[in-house]
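Visitor: model22.pdb (PDB, C-alpha atoms) pasted underneath:
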```pdb
ATOM      1  CA  MET A   1      41.958  10.506-125.115  1.00  0.00           C
ATOM      2  CA  PHE A   2      38.725   9.134-126.581  1.00  0.00           C
ATOM      3  CA  ASP A   3      38.203  10.477-130.108  1.00  0.00           C
ATOM      4  CA  LEU A   4      34.545  10.684-131.101  1.00  0.00           C
ATOM      5  CA  ALA A   5      35.475  12.371-134.365  1.00  0.00           C
ATOM      6  CA  LEU A   6      37.183   9.156-135.490  1.00  0.00           C
ATOM      7  CA  LEU A   7      33.962   7.186-135.049  1.00  0.00           C
ATOM      8  CA  TRP A   8      32.036   9.805-137.015  1.00  0.00           C
ATOM      9  CA  GLU A   9      34.558   9.714-139.851  1.00  0.00           C
ATOM     10  CA  THR A  10      34.411   5.902-140.040  1.00  0.00           C
ATOM     11  CA  ARG A  11      30.666   5.592-139.412  1.00  0.00           C
ATOM     12  CA  GLU A  12      29.933   4.138-142.860  1.00  0.00           C
ATOM     13  CA  LEU A  13      32.359   1.274-142.332  1.00  0.00           C
ATOM     14  CA  ILE A  14      30.970   0.575-138.869  1.00  0.00           C
ATOM     15  CA  LEU A  15      27.346   0.702-140.061  1.00  0.00           C
ATOM     16  CA  GLN A  16      28.167  -1.614-142.973  1.00  0.00           C
ATOM     17  CA  GLY A  17      29.688  -4.071-140.512  1.00  0.00           C
ATOM     18  CA  LEU A  18      26.635  -3.759-138.259  1.00  0.00           C
ATOM     19  CA  TRP A  19      24.279  -4.514-141.151  1.00  0.00           C
ATOM     20  CA  ASN A  20      26.296  -7.548-142.246  1.00  0.00           C
ATOM     21  CA  THR A  21      26.437  -8.846-138.686  1.00  0.00           C
ATOM     22  CA  VAL A  22      22.687  -8.422-138.184  1.00  0.00           C
ATOM     23  CA  TRP A  23      21.492 -10.139-141.359  1.00  0.00           C
ATOM     24  CA  ILE A  24      24.022 -12.984-141.151  1.00  0.00           C
ATOM     25  CA  CYS A  25      23.121 -13.627-137.492  1.00  0.00           C
ATOM     26  CA  PHE A  26      19.403 -13.422-138.251  1.00  0.00           C
ATOM     27  CA  LEU A  27      19.537 -15.940-141.096  1.00  0.00           C
ATOM     28  CA  GLY A  28      22.006 -18.204-139.270  1.00  0.00           C
ATOM     29  CA  CYS A  29      19.869 -18.280-136.122  1.00  0.00           C
ATOM     30  CA  LEU A  30      16.738 -18.883-138.208  1.00  0.00           C
ATOM     31  CA  VAL A  31      18.422 -21.906-139.820  1.00  0.00           C
ATOM     32  CA  ALA A  32      19.558 -23.139-136.389  1.00  0.00           C
ATOM     33  CA  LEU A  33      16.064 -22.829-134.891  1.00  0.00           C
ATOM     34  CA  SER A  34      14.352 -24.543-137.837  1.00  0.00           C
ATOM     35  CA  LEU A  35      16.886 -27.319-138.374  1.00  0.00           C
ATOM     36  CA  GLY A  36      17.139 -27.936-134.638  1.00  0.00           C
ATOM     37  CA  LEU A  37      13.395 -28.585-134.454  1.00  0.00           C
ATOM     38  CA  VAL A  38      13.600 -31.055-137.348  1.00  0.00           C
ATOM     39  CA  LEU A  39      16.543 -32.856-135.734  1.00  0.00           C
ATOM     40  CA  ALA A  40      14.754 -33.080-132.379  1.00  0.00           C
ATOM     41  CA  ALA A  41      11.639 -34.491-134.030  1.00  0.00           C
ATOM     42  CA  LEU A  42      13.717 -37.081-135.901  1.00  0.00           C
ATOM     43  CA  ARG A  43      15.561 -38.095-132.757  1.00  0.00           C
ATOM     44  CA  LEU A  44      12.312 -38.636-130.862  1.00  0.00           C
ATOM     45  CA  SER A  45      10.484 -40.295-133.730  1.00  0.00           C
ATOM     46  CA  SER A  46       9.858 -43.967-134.366  1.00  0.00           C
ATOM     47  CA  PRO A  47      11.594 -45.942-135.733  1.00  0.00           C
ATOM     48  CA  ARG A  48      14.763 -45.116-133.819  1.00  0.00           C
ATOM     49  CA  ILE A  49      16.858 -45.438-136.978  1.00  0.00           C
ATOM     50  CA  PHE A  50      16.872 -41.634-137.246  1.00  0.00           C
ATOM     51  CA  GLY A  51      17.887 -41.114-133.628  1.00  0.00           C
ATOM     52  CA  TYR A  52      21.457 -42.415-133.850  1.00  0.00           C
ATOM     53  CA  PRO A  53      22.640 -40.227-136.775  1.00  0.00           C
ATOM     54  CA  VAL A  54      21.045 -37.172-135.149  1.00  0.00           C
ATOM     55  CA  ALA A  55      22.716 -37.979-131.830  1.00  0.00           C
ATOM     56  CA  CYS A  56      26.082 -38.222-133.617  1.00  0.00           C
ATOM     57  CA  TYR A  57      25.467 -34.885-135.332  1.00  0.00           C
ATOM     58  CA  VAL A  58      24.634 -33.224-132.008  1.00  0.00           C
ATOM     59  CA  GLU A  59      27.765 -34.599-130.356  1.00  0.00           C
ATOM     60  CA  ILE A  60      29.938 -33.413-133.245  1.00  0.00           C
ATOM     61  CA  CYS A  61      28.464 -29.902-133.027  1.00  0.00           C
ATOM     62  CA  ARG A  62      28.982 -29.770-129.270  1.00  0.00           C
ATOM     63  CA  GLY A  63      32.557 -31.007-129.547  1.00  0.00           C
ATOM     64  CA  THR A  64      33.734 -28.932-132.515  1.00  0.00           C
ATOM     65  CA  PRO A  65      34.528 -25.195-132.386  1.00  0.00           C
ATOM     66  CA  LEU A  66      32.515 -22.961-134.707  1.00  0.00           C
ATOM     67  CA  LEU A  67      35.742 -21.631-136.193  1.00  0.00           C
ATOM     68  CA  VAL A  68      36.741 -25.112-137.399  1.00  0.00           C
ATOM     69  CA  LEU A  69      33.348 -25.556-139.063  1.00  0.00           C
ATOM     70  CA  LEU A  70      33.705 -22.185-140.796  1.00  0.00           C
ATOM     71  CA  PHE A  71      37.158 -23.156-142.071  1.00  0.00           C
ATOM     72  CA  LEU A  72      35.819 -26.449-143.399  1.00  0.00           C
ATOM     73  CA  LEU A  73      32.943 -24.755-145.214  1.00  0.00           C
ATOM     74  CA  TYR A  74      34.856 -21.824-146.672  1.00  0.00           C
ATOM     75  CA  TYR A  75      38.364 -23.133-147.243  1.00  0.00           C
ATOM     76  CA  GLY A  76      37.718 -26.878-147.390  1.00  0.00           C
ATOM     77  CA  GLY A  77      34.522 -26.756-149.424  1.00  0.00           C
ATOM     78  CA  PRO A  78      36.164 -26.083-152.816  1.00  0.00           C
ATOM     79  CA  SER A  79      38.154 -29.316-152.538  1.00  0.00           C
ATOM     80  CA  ILE A  80      34.875 -31.268-152.770  1.00  0.00           C
ATOM     81  CA  GLY A  81      33.217 -28.908-155.245  1.00  0.00           C
ATOM     82  CA  LEU A  82      31.403 -26.777-152.658  1.00  0.00           C
ATOM     83  CA  ARG A  83      32.145 -23.096-153.296  1.00  0.00           C
ATOM     84  CA  LEU A  84      30.404 -20.700-150.938  1.00  0.00           C
ATOM     85  CA  ASP A  85      30.650 -16.945-150.614  1.00  0.00           C
ATOM     86  CA  ALA A  86      32.029 -15.834-147.272  1.00  0.00           C
ATOM     87  CA  GLU A  87      28.643 -14.520-146.139  1.00  0.00           C
ATOM     88  CA  ILE A  88      26.816 -17.708-147.135  1.00  0.00           C
ATOM     89  CA  ALA A  89      29.489 -19.798-145.420  1.00  0.00           C
ATOM     90  CA  GLY A  90      28.943 -17.696-142.289  1.00  0.00           C
ATOM     91  CA  VAL A  91      25.177 -18.203-142.345  1.00  0.00           C
ATOM     92  CA  THR A  92      25.586 -21.927-143.030  1.00  0.00           C
ATOM     93  CA  GLY A  93      28.187 -22.378-140.314  1.00  0.00           C
ATOM     94  CA  ILE A  94      26.159 -20.564-137.661  1.00  0.00           C
ATOM     95  CA  GLY A  95      23.021 -22.459-138.702  1.00  0.00           C
ATOM     96  CA  LEU A  96      24.582 -25.928-138.687  1.00  0.00           C
ATOM     97  CA  TYR A  97      26.493 -25.261-135.471  1.00  0.00           C
ATOM     98  CA  GLY A  98      23.515 -23.827-133.604  1.00  0.00           C
ATOM     99  CA  ALA A  99      21.139 -26.550-134.814  1.00  0.00           C
ATOM    100  CA  GLY A 100      22.955 -29.152-132.724  1.00  0.00           C
ATOM    101  CA  TYR A 101      22.405 -27.154-129.546  1.00  0.00           C
ATOM    102  CA  PHE A 102      18.803 -26.253-130.344  1.00  0.00           C
ATOM    103  CA  ALA A 103      18.046 -29.901-131.097  1.00  0.00           C
ATOM    104  CA  GLU A 104      18.960 -30.741-127.504  1.00  0.00           C
ATOM    105  CA  ILE A 105      16.977 -27.785-126.154  1.00  0.00           C
ATOM    106  CA  TYR A 106      13.903 -28.871-128.109  1.00  0.00           C
ATOM    107  CA  ARG A 107      14.398 -32.504-127.091  1.00  0.00           C
ATOM    108  CA  GLY A 108      14.512 -31.528-123.431  1.00  0.00           C
ATOM    109  CA  GLY A 109      11.295 -29.567-123.861  1.00  0.00           C
ATOM    110  CA  PHE A 110       9.511 -32.452-125.590  1.00  0.00           C
ATOM    111  CA  LYS A 111      10.700 -35.013-123.020  1.00  0.00           C
ATOM    112  CA  SER A 112       9.306 -32.925-120.169  1.00  0.00           C
ATOM    113  CA  ILE A 113       5.723 -33.265-121.464  1.00  0.00           C
ATOM    114  CA  PRO A 114       3.853 -36.050-119.596  1.00  0.00           C
ATOM    115  CA  LYS A 115       3.419 -39.159-121.736  1.00  0.00           C
ATOM    116  CA  GLY A 116      -0.156 -39.500-120.518  1.00  0.00           C
ATOM    117  CA  GLN A 117      -1.182 -36.510-122.618  1.00  0.00           C
ATOM    118  CA  LEU A 118       0.112 -38.099-125.809  1.00  0.00           C
ATOM    119  CA  GLU A 119      -1.522 -41.421-124.946  1.00  0.00           C
ATOM    120  CA  ALA A 120      -4.820 -39.661-124.362  1.00  0.00           C
ATOM    121  CA  ALA A 121      -4.449 -37.857-127.695  1.00  0.00           C
ATOM    122  CA  ARG A 122      -3.949 -41.187-129.491  1.00  0.00           C
ATOM    123  CA  MET A 123      -6.985 -42.677-127.761  1.00  0.00           C
ATOM    124  CA  LEU A 124      -9.073 -39.722-128.911  1.00  0.00           C
ATOM    125  CA  GLY A 125      -7.945 -40.251-132.496  1.00  0.00           C
ATOM    126  CA  ILE A 126      -5.865 -37.068-132.711  1.00  0.00           C
ATOM    127  CA  SER A 127      -3.306 -37.317-135.500  1.00  0.00           C
ATOM    128  CA  PRO A 128       0.416 -37.162-134.608  1.00  0.00           C
ATOM    129  CA  TRP A 129       0.737 -33.847-136.491  1.00  0.00           C
ATOM    130  CA  HIS A 130      -2.091 -32.193-134.531  1.00  0.00           C
ATOM    131  CA  ALA A 131      -0.735 -33.637-131.299  1.00  0.00           C
ATOM    132  CA  LEU A 132       2.624 -32.102-132.116  1.00  0.00           C
ATOM    133  CA  THR A 133       1.340 -28.647-133.103  1.00  0.00           C
ATOM    134  CA  ARG A 134      -1.493 -28.286-130.585  1.00  0.00           C
ATOM    135  CA  ILE A 135      -0.301 -30.198-127.530  1.00  0.00           C
ATOM    136  CA  GLN A 136       3.465 -30.667-127.536  1.00  0.00           C
ATOM    137  CA  ILE A 137       4.840 -27.479-129.106  1.00  0.00           C
ATOM    138  CA  PRO A 138       2.723 -24.976-127.075  1.00  0.00           C
ATOM    139  CA  GLN A 139       3.826 -26.597-123.806  1.00  0.00           C
ATOM    140  CA  MET A 140       7.389 -27.094-124.978  1.00  0.00           C
ATOM    141  CA  LEU A 141       7.750 -23.401-125.868  1.00  0.00           C
ATOM    142  CA  ARG A 142       7.190 -22.348-122.251  1.00  0.00           C
ATOM    143  CA  LEU A 143      10.142 -24.479-121.197  1.00  0.00           C
ATOM    144  CA  ILE A 144      12.651 -23.727-123.942  1.00  0.00           C
ATOM    145  CA  VAL A 145      12.420 -19.922-124.170  1.00  0.00           C
ATOM    146  CA  PRO A 146      15.022 -19.202-121.417  1.00  0.00           C
ATOM    147  CA  PRO A 147      17.694 -21.679-122.646  1.00  0.00           C
ATOM    148  CA  GLY A 148      16.835 -20.849-126.265  1.00  0.00           C
ATOM    149  CA  THR A 149      17.367 -17.148-125.620  1.00  0.00           C
ATOM    150  CA  ASN A 150      20.724 -17.857-124.001  1.00  0.00           C
ATOM    151  CA  GLN A 151      21.770 -19.963-126.989  1.00  0.00           C
ATOM    152  CA  LEU A 152      20.805 -17.197-129.427  1.00  0.00           C
ATOM    153  CA  ILE A 153      22.945 -14.775-127.430  1.00  0.00           C
ATOM    154  CA  ILE A 154      25.884 -17.189-127.577  1.00  0.00           C
ATOM    155  CA  LEU A 155      25.509 -17.574-131.345  1.00  0.00           C
ATOM    156  CA  VAL A 156      25.463 -13.810-131.857  1.00  0.00           C
ATOM    157  CA  LYS A 157      28.635 -13.359-129.816  1.00  0.00           C
ATOM    158  CA  GLU A 158      30.383 -16.246-131.565  1.00  0.00           C
ATOM    159  CA  SER A 159      29.400 -14.794-134.940  1.00  0.00           C
ATOM    160  CA  ALA A 160      32.396 -12.476-134.556  1.00  0.00           C
ATOM    161  CA  LEU A 161      34.433 -15.464-135.777  1.00  0.00           C
ATOM    162  CA  ILE A 162      33.083 -15.002-139.318  1.00  0.00           C
ATOM    163  CA  SER A 163      35.544 -12.134-139.656  1.00  0.00           C
ATOM    164  CA  ILE A 164      38.272 -14.806-139.913  1.00  0.00           C
ATOM    165  CA  ILE A 165      36.821 -15.982-143.248  1.00  0.00           C
ATOM    166  CA  SER A 166      36.882 -12.405-144.626  1.00  0.00           C
ATOM    167  CA  VAL A 167      33.271 -11.431-143.911  1.00  0.00           C
ATOM    168  CA  ASP A 168      33.009  -7.652-143.509  1.00  0.00           C
ATOM    169  CA  ASP A 169      31.199  -7.806-140.174  1.00  0.00           C
ATOM    170  CA  LEU A 170      31.602  -5.529-137.166  1.00  0.00           C
ATOM    171  CA  THR A 171      34.786  -7.172-135.950  1.00  0.00           C
ATOM    172  CA  LYS A 172      36.558  -7.197-139.306  1.00  0.00           C
ATOM    173  CA  ASN A 173      35.617  -3.611-140.155  1.00  0.00           C
ATOM    174  CA  ALA A 174      36.732  -2.437-136.714  1.00  0.00           C
ATOM    175  CA  THR A 175      40.067  -4.179-137.284  1.00  0.00           C
ATOM    176  CA  THR A 176      40.323  -2.421-140.653  1.00  0.00           C
ATOM    177  CA  ILE A 177      39.819   0.946-138.932  1.00  0.00           C
ATOM    178  CA  VAL A 178      42.473   0.073-136.350  1.00  0.00           C
ATOM    179  CA  ASN A 179      44.965  -0.846-139.083  1.00  0.00           C
ATOM    180  CA  GLN A 180      44.269   2.403-140.943  1.00  0.00           C
ATOM    181  CA  THR A 181      44.242   4.824-137.995  1.00  0.00           C
ATOM    182  CA  PHE A 182      46.273   2.970-135.312  1.00  0.00           C
ATOM    183  CA  ASN A 183      43.526   3.858-132.831  1.00  0.00           C
ATOM    184  CA  VAL A 184      42.445   0.738-130.962  1.00  0.00           C
ATOM    185  CA  ILE A 185      40.135   1.906-128.192  1.00  0.00           C
ATOM    186  CA  GLU A 186      37.471   3.769-130.162  1.00  0.00           C
ATOM    187  CA  PRO A 187      36.632   1.167-132.864  1.00  0.00           C
ATOM    188  CA  TYR A 188      36.538  -1.814-130.525  1.00  0.00           C
ATOM    189  CA  LEU A 189      34.531   0.039-127.880  1.00  0.00           C
ATOM    190  CA  ALA A 190      32.011   0.965-130.572  1.00  0.00           C
ATOM    191  CA  VAL A 191      31.832  -2.685-131.646  1.00  0.00           C
ATOM    192  CA  ALA A 192      31.377  -3.816-128.033  1.00  0.00           C
ATOM    193  CA  LEU A 193      28.550  -1.314-127.570  1.00  0.00           C
ATOM    194  CA  LEU A 194      26.787  -2.410-130.754  1.00  0.00           C
ATOM    195  CA  TYR A 195      27.055  -6.096-129.852  1.00  0.00           C
ATOM    196  CA  TRP A 196      25.687  -5.273-126.402  1.00  0.00           C
ATOM    197  CA  MET A 197      22.713  -3.490-127.968  1.00  0.00           C
ATOM    198  CA  ILE A 198      21.928  -6.468-130.229  1.00  0.00           C
ATOM    199  CA  ILE A 199      22.183  -8.924-127.339  1.00  0.00           C
ATOM    200  CA  GLU A 200      20.095  -6.686-125.075  1.00  0.00           C
ATOM    201  CA  LEU A 201      17.320  -6.669-127.691  1.00  0.00           C
ATOM    202  CA  ILE A 202      17.418 -10.474-127.877  1.00  0.00           C
ATOM    203  CA  ALA A 203      17.373 -10.800-124.078  1.00  0.00           C
ATOM    204  CA  ARG A 204      14.440  -8.419-123.701  1.00  0.00           C
ATOM    205  CA  GLY A 205      12.553 -10.134-126.509  1.00  0.00           C
ATOM    206  CA  GLY A 206      13.106 -13.521-124.879  1.00  0.00           C
ATOM    207  CA  TYR A 207      11.946 -12.207-121.508  1.00  0.00           C
ATOM    208  CA  ALA A 208       8.810 -10.687-123.055  1.00  0.00           C
ATOM    209  CA  LEU A 209       8.005 -13.954-124.855  1.00  0.00           C
ATOM    210  CA  GLU A 210       8.615 -15.971-121.699  1.00  0.00           C
ATOM    211  CA  LYS A 211       6.287 -13.697-119.719  1.00  0.00           C
ATOM    212  CA  ARG A 212       3.588 -13.853-122.395  1.00  0.00           C
ATOM    213  CA  LEU A 213       3.685 -17.647-122.591  1.00  0.00           C
ATOM    214  CA  ALA A 214       3.632 -17.950-118.805  1.00  0.00           C
ATOM    215  CA  ASN A 215       0.501 -15.793-118.581  1.00  0.00           C
ATOM    216  CA  ARG A 216      -1.311 -17.708-121.329  1.00  0.00           C
ATOM    217  CA  GLN A 217      -3.650 -20.283-119.825  1.00  0.00           C
ATOM    218  CA  PRO A 218      -4.659 -23.276-121.938  1.00  0.00           C
ATOM    219  CA  ARG A 219      -8.289 -23.155-123.040  1.00  0.00           C
ATOM    220  CA  HIS A 220      -9.141 -26.633-121.847  1.00  0.00           C
ATOM    221  CA  THR A 221      -8.019 -25.698-118.332  1.00  0.00           C
ATOM    222  CA  VAL A 222     -10.350 -22.746-118.308  1.00  0.00           C
ATOM    223  CA  HIS A 223     -13.250 -24.828-119.560  1.00  0.00           C
ATOM    224  CA  GLN A 224     -12.600 -27.496-116.945  1.00  0.00           C
ATOM    225  CA  GLY A 225     -12.548 -24.867-114.226  1.00  0.00           C
ATOM    226  CA  GLU A 226     -15.814 -23.361-115.427  1.00  0.00           C
ATOM    227  CA  SER A 227     -17.411 -26.818-115.645  1.00  0.00           C
ATOM    228  CA  ALA A 228     -16.341 -27.712-112.128  1.00  0.00           C
ATOM    229  CA  HIS A 229     -17.699 -24.414-110.835  1.00  0.00           C
ATOM    230  CA  ALA A 230     -21.003 -24.975-112.592  1.00  0.00           C
ATOM    231  CA  ASN A 231     -21.336 -28.507-111.210  1.00  0.00           C
ATOM    232  CA  GLY A 232     -20.573 -27.304-107.738  1.00  0.00           C
TER
END
```
Starting from the file, give its structure as structure tokens.
Guide:
Amino acid sequence: MFDLALLWETRELILQGLWNTVWICFLGCLVALSLGLVLAALRLSSPRIFGYPVACYVEICRGTPLLVLLFLLYYGGPSIGLRLDAEIAGVTGIGLYGAGYFAEIYRGGFKSIPKGQLEAARMLGISPWHALTRIQIPQMLRLIVPPGTNQLIILVKESALISIISVDDLTKNATTIVNQTFNVIEPYLAVALLYWMIIELIARGGYALEKRLANRQPRHTVHQGESAHANG
């Protein structure tokens, strides 16, 4: 029989795990989003000398489980003088792992922009930085929000692996409750519900952003339409 009283008695442990999961996922995903953009820009930049190392990094991330990366950071790091707290190792692992995937998502978004726009920007004397921030990124965002949202959801679900390196997240604290009370259903159902709530918030946020970007019309298009109407 489902015991709600057990969840109330262990609420502090569950809430502590929820807080640790949220802030570690937030920082890890922030690192992944930021580093992924840098990697994509390097891979698409000239000279191509940066592209090959970035491509190797992406392939390693896509071919290596997150758990192995966490083990290397937390347990293997001290052998080369790198000592990280479990939480920092979790943030770093999620960030480095996710960056490889986001680099490919960003790259796909950049590659979908017609080259004629960039050539026109160069002819008009627009600097590469302004072309990136005012022409490429706004258009790229419309394309990458759906796959980016899915990747964030995947990272949040895979963050449960940080419990293996002794981070007191939702999964580890639920396992602690199970070991103390021998009740399995209640703690893990609570964890499943909390993860679902986090992921639902991300999904709804991604959908809202996608809808907002889709409804935003570029200014130059509006001006061109008005000019054509006036000339007619």
Visitor: Expanded to explicit residues, what is the PyMOL selection byres ((chain A and resi 2) around 8) for this file, as a ChimeraX atom specification?
Guide: /A:1,3-4,185-186
Visitor: Which polymer residues have any atom within 7 Å of an atom of range 161-173 of chain A, counting all atoms listed in the file, with same-chain residues fewer than 2 positions away left out, as a PyMOL selection string?
Guide: chain A and resi 13-14+17-18+20-21+67+86-87+90+158-159+175-177+191
Visitor: What does the file look like for those residues with C-alpha atoms, as an mmCIF file, keeping the file's coordinate frame?
Guide:
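Below is the file result00.cif, written as the result:
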```
data_model
loop_
_atom_site.group_PDB
_atom_site.id
_atom_site.type_symbol
_atom_site.label_atom_id
_atom_site.label_comp_id
_atom_site.auth_asym_id
_atom_site.auth_seq_id
_atom_site.Cartn_x
_atom_site.Cartn_y
_atom_site.Cartn_z
ATOM 1 C CA LEU A 13 32.359 1.274 -142.332
ATOM 2 C CA ILE A 14 30.970 0.575 -138.869
ATOM 3 C CA GLY A 17 29.688 -4.071 -140.512
ATOM 4 C CA LEU A 18 26.635 -3.759 -138.259
ATOM 5 C CA ASN A 20 26.296 -7.548 -142.246
ATOM 6 C CA THR A 21 26.437 -8.846 -138.686
ATOM 7 C CA LEU A 67 35.742 -21.631 -136.193
ATOM 8 C CA ALA A 86 32.029 -15.834 -147.272
ATOM 9 C CA GLU A 87 28.643 -14.520 -146.139
ATOM 10 C CA GLY A 90 28.943 -17.696 -142.289
ATOM 11 C CA GLU A 158 30.383 -16.246 -131.565
ATOM 12 C CA SER A 159 29.400 -14.794 -134.940
ATOM 13 C CA THR A 175 40.067 -4.179 -137.284
ATOM 14 C CA THR A 176 40.323 -2.421 -140.653
ATOM 15 C CA ILE A 177 39.819 0.946 -138.932
ATOM 16 C CA VAL A 191 31.832 -2.685 -131.646
#
```
Visitor: Tell me, in Å to one decimal, how far CA of Leu69 in chain A is from CA of Gly100 in chain A.
Guide: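 Separation of CA of Leu69 in chain A and CA of Gly100 in chain A: 12.7 Å.
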Visitor: Hey, which of A:Leu44, A:Val58, A:Ile202, A:Ala174 ends up closest to Tyr188 in chain A? Count only C-alpha atoms.
Guide: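 Ranked by minimum distance to Tyr188 in chain A, first place goes to A:Ala174.
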Visitor: A:Ile49, A:Leu155, A:Ile94, A:Leu141: which is nearest Lys211 in chain A, counting only C-alpha atoms?
Guide: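 Ranked by minimum distance to Lys211 in chain A, first place goes to A:Leu141.
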Visitor: Skip Gly98 in chain A itself and residues of its chain fewer than 2 positions away, then list as number ranges by chain all residues within 10 Å of it, counting only C-alpha atoms.
Guide: A: 28-33, 35-36, 58, 61-62, 66, 92-96, 100-103, 151-152, 154-155
Visitor: Rank nothing, just name the residue among A:Ile198, A:Ala190, A:Ala203, A:Ile113 nearest to Thr10 in chain A, using all atoms listed in the file.
Guide: A:Ala190
Visitor: Just give me the gap between CA of Glu104 in chain A and CA of Pro65 in chain A in Å, one decimal is fine.
Guide: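 Pair CA of Glu104 in chain A / CA of Pro65 in chain A returns 17.2 Å.
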Visitor: Could you spell out the hits of the PyMOL selection byres ((chain A and resi 110) around 12) on the shown file, as a tab-separated table (two decimals) with C-alpha atoms, in the coordinates of the input?
Guide:
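Ended up saving to selection_37.tsv:
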```tsv
chain	number	residue	atom	x	y	z
A	37	LEU	CA	13.40	-28.58	-134.45
A	40	ALA	CA	14.75	-33.08	-132.38
A	41	ALA	CA	11.64	-34.49	-134.03
A	43	ARG	CA	15.56	-38.10	-132.76
A	44	LEU	CA	12.31	-38.64	-130.86
A	45	SER	CA	10.48	-40.30	-133.73
A	103	ALA	CA	18.05	-29.90	-131.10
A	104	GLU	CA	18.96	-30.74	-127.50
A	105	ILE	CA	16.98	-27.78	-126.15
A	106	TYR	CA	13.90	-28.87	-128.11
A	107	ARG	CA	14.40	-32.50	-127.09
A	108	GLY	CA	14.51	-31.53	-123.43
A	109	GLY	CA	11.30	-29.57	-123.86
A	111	LYS	CA	10.70	-35.01	-123.02
A	112	SER	CA	9.31	-32.92	-120.17
A	113	ILE	CA	5.72	-33.26	-121.46
A	114	PRO	CA	3.85	-36.05	-119.60
A	115	LYS	CA	3.42	-39.16	-121.74
A	117	GLN	CA	-1.18	-36.51	-122.62
A	118	LEU	CA	0.11	-38.10	-125.81
A	131	ALA	CA	-0.74	-33.64	-131.30
A	132	LEU	CA	2.62	-32.10	-132.12
A	133	THR	CA	1.34	-28.65	-133.10
A	135	ILE	CA	-0.30	-30.20	-127.53
A	136	GLN	CA	3.46	-30.67	-127.54
A	137	ILE	CA	4.84	-27.48	-129.11
A	138	PRO	CA	2.72	-24.98	-127.08
A	139	GLN	CA	3.83	-26.60	-123.81
A	140	MET	CA	7.39	-27.09	-124.98
A	141	LEU	CA	7.75	-23.40	-125.87
A	142	ARG	CA	7.19	-22.35	-122.25
A	143	LEU	CA	10.14	-24.48	-121.20
A	144	ILE	CA	12.65	-23.73	-123.94
```
Visitor: Using Å and a single decimal, report how far CA of Ala160 in chain A sits from CA of Val184 in chain A.
Guide: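 Result for CA of Val184 in chain A versus CA of Ala160 in chain A: 17.0 Å, one decimal.
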Visitor: Between A:Ser34, A:Leu27, A:Gly51, A:Ile126, single out the one closest to Ala89 in chain A, counting all atoms listed in the file.
Guide: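 Using all atoms listed in the file, Ala89 in chain A sits closest to A:Leu27.
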Visitor: Restricting the calculation to all atoms listed in the file: of A:Ser127, A:Leu84, A:Val145, A:Tyr74, which residue gets closest to Gly206 in chain A?
Guide: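 Checking each candidate against Gly206 in chain A, we get A:Val145 as the closest.
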Visitor: Find the axis-aligned box for range 124-136 of chain A, covering all its listed atoms and adding 8 Å on each side, and write its centre and edge lengths in Å to one decimal as AutoDock Vina command-line options.
Guide:
```
--center_x -2.8 --center_y -34.3 --center_z -132.0 --size_x 28.5 --size_y 28.0 --size_z 25.0
```
Visitor: Hey, which of A:Ala55, A:Asn183, A:Pro128, A:Gly77 ends up closest to Ala5 in chain A? Count all atoms listed in the file.
Guide: A:Asn183
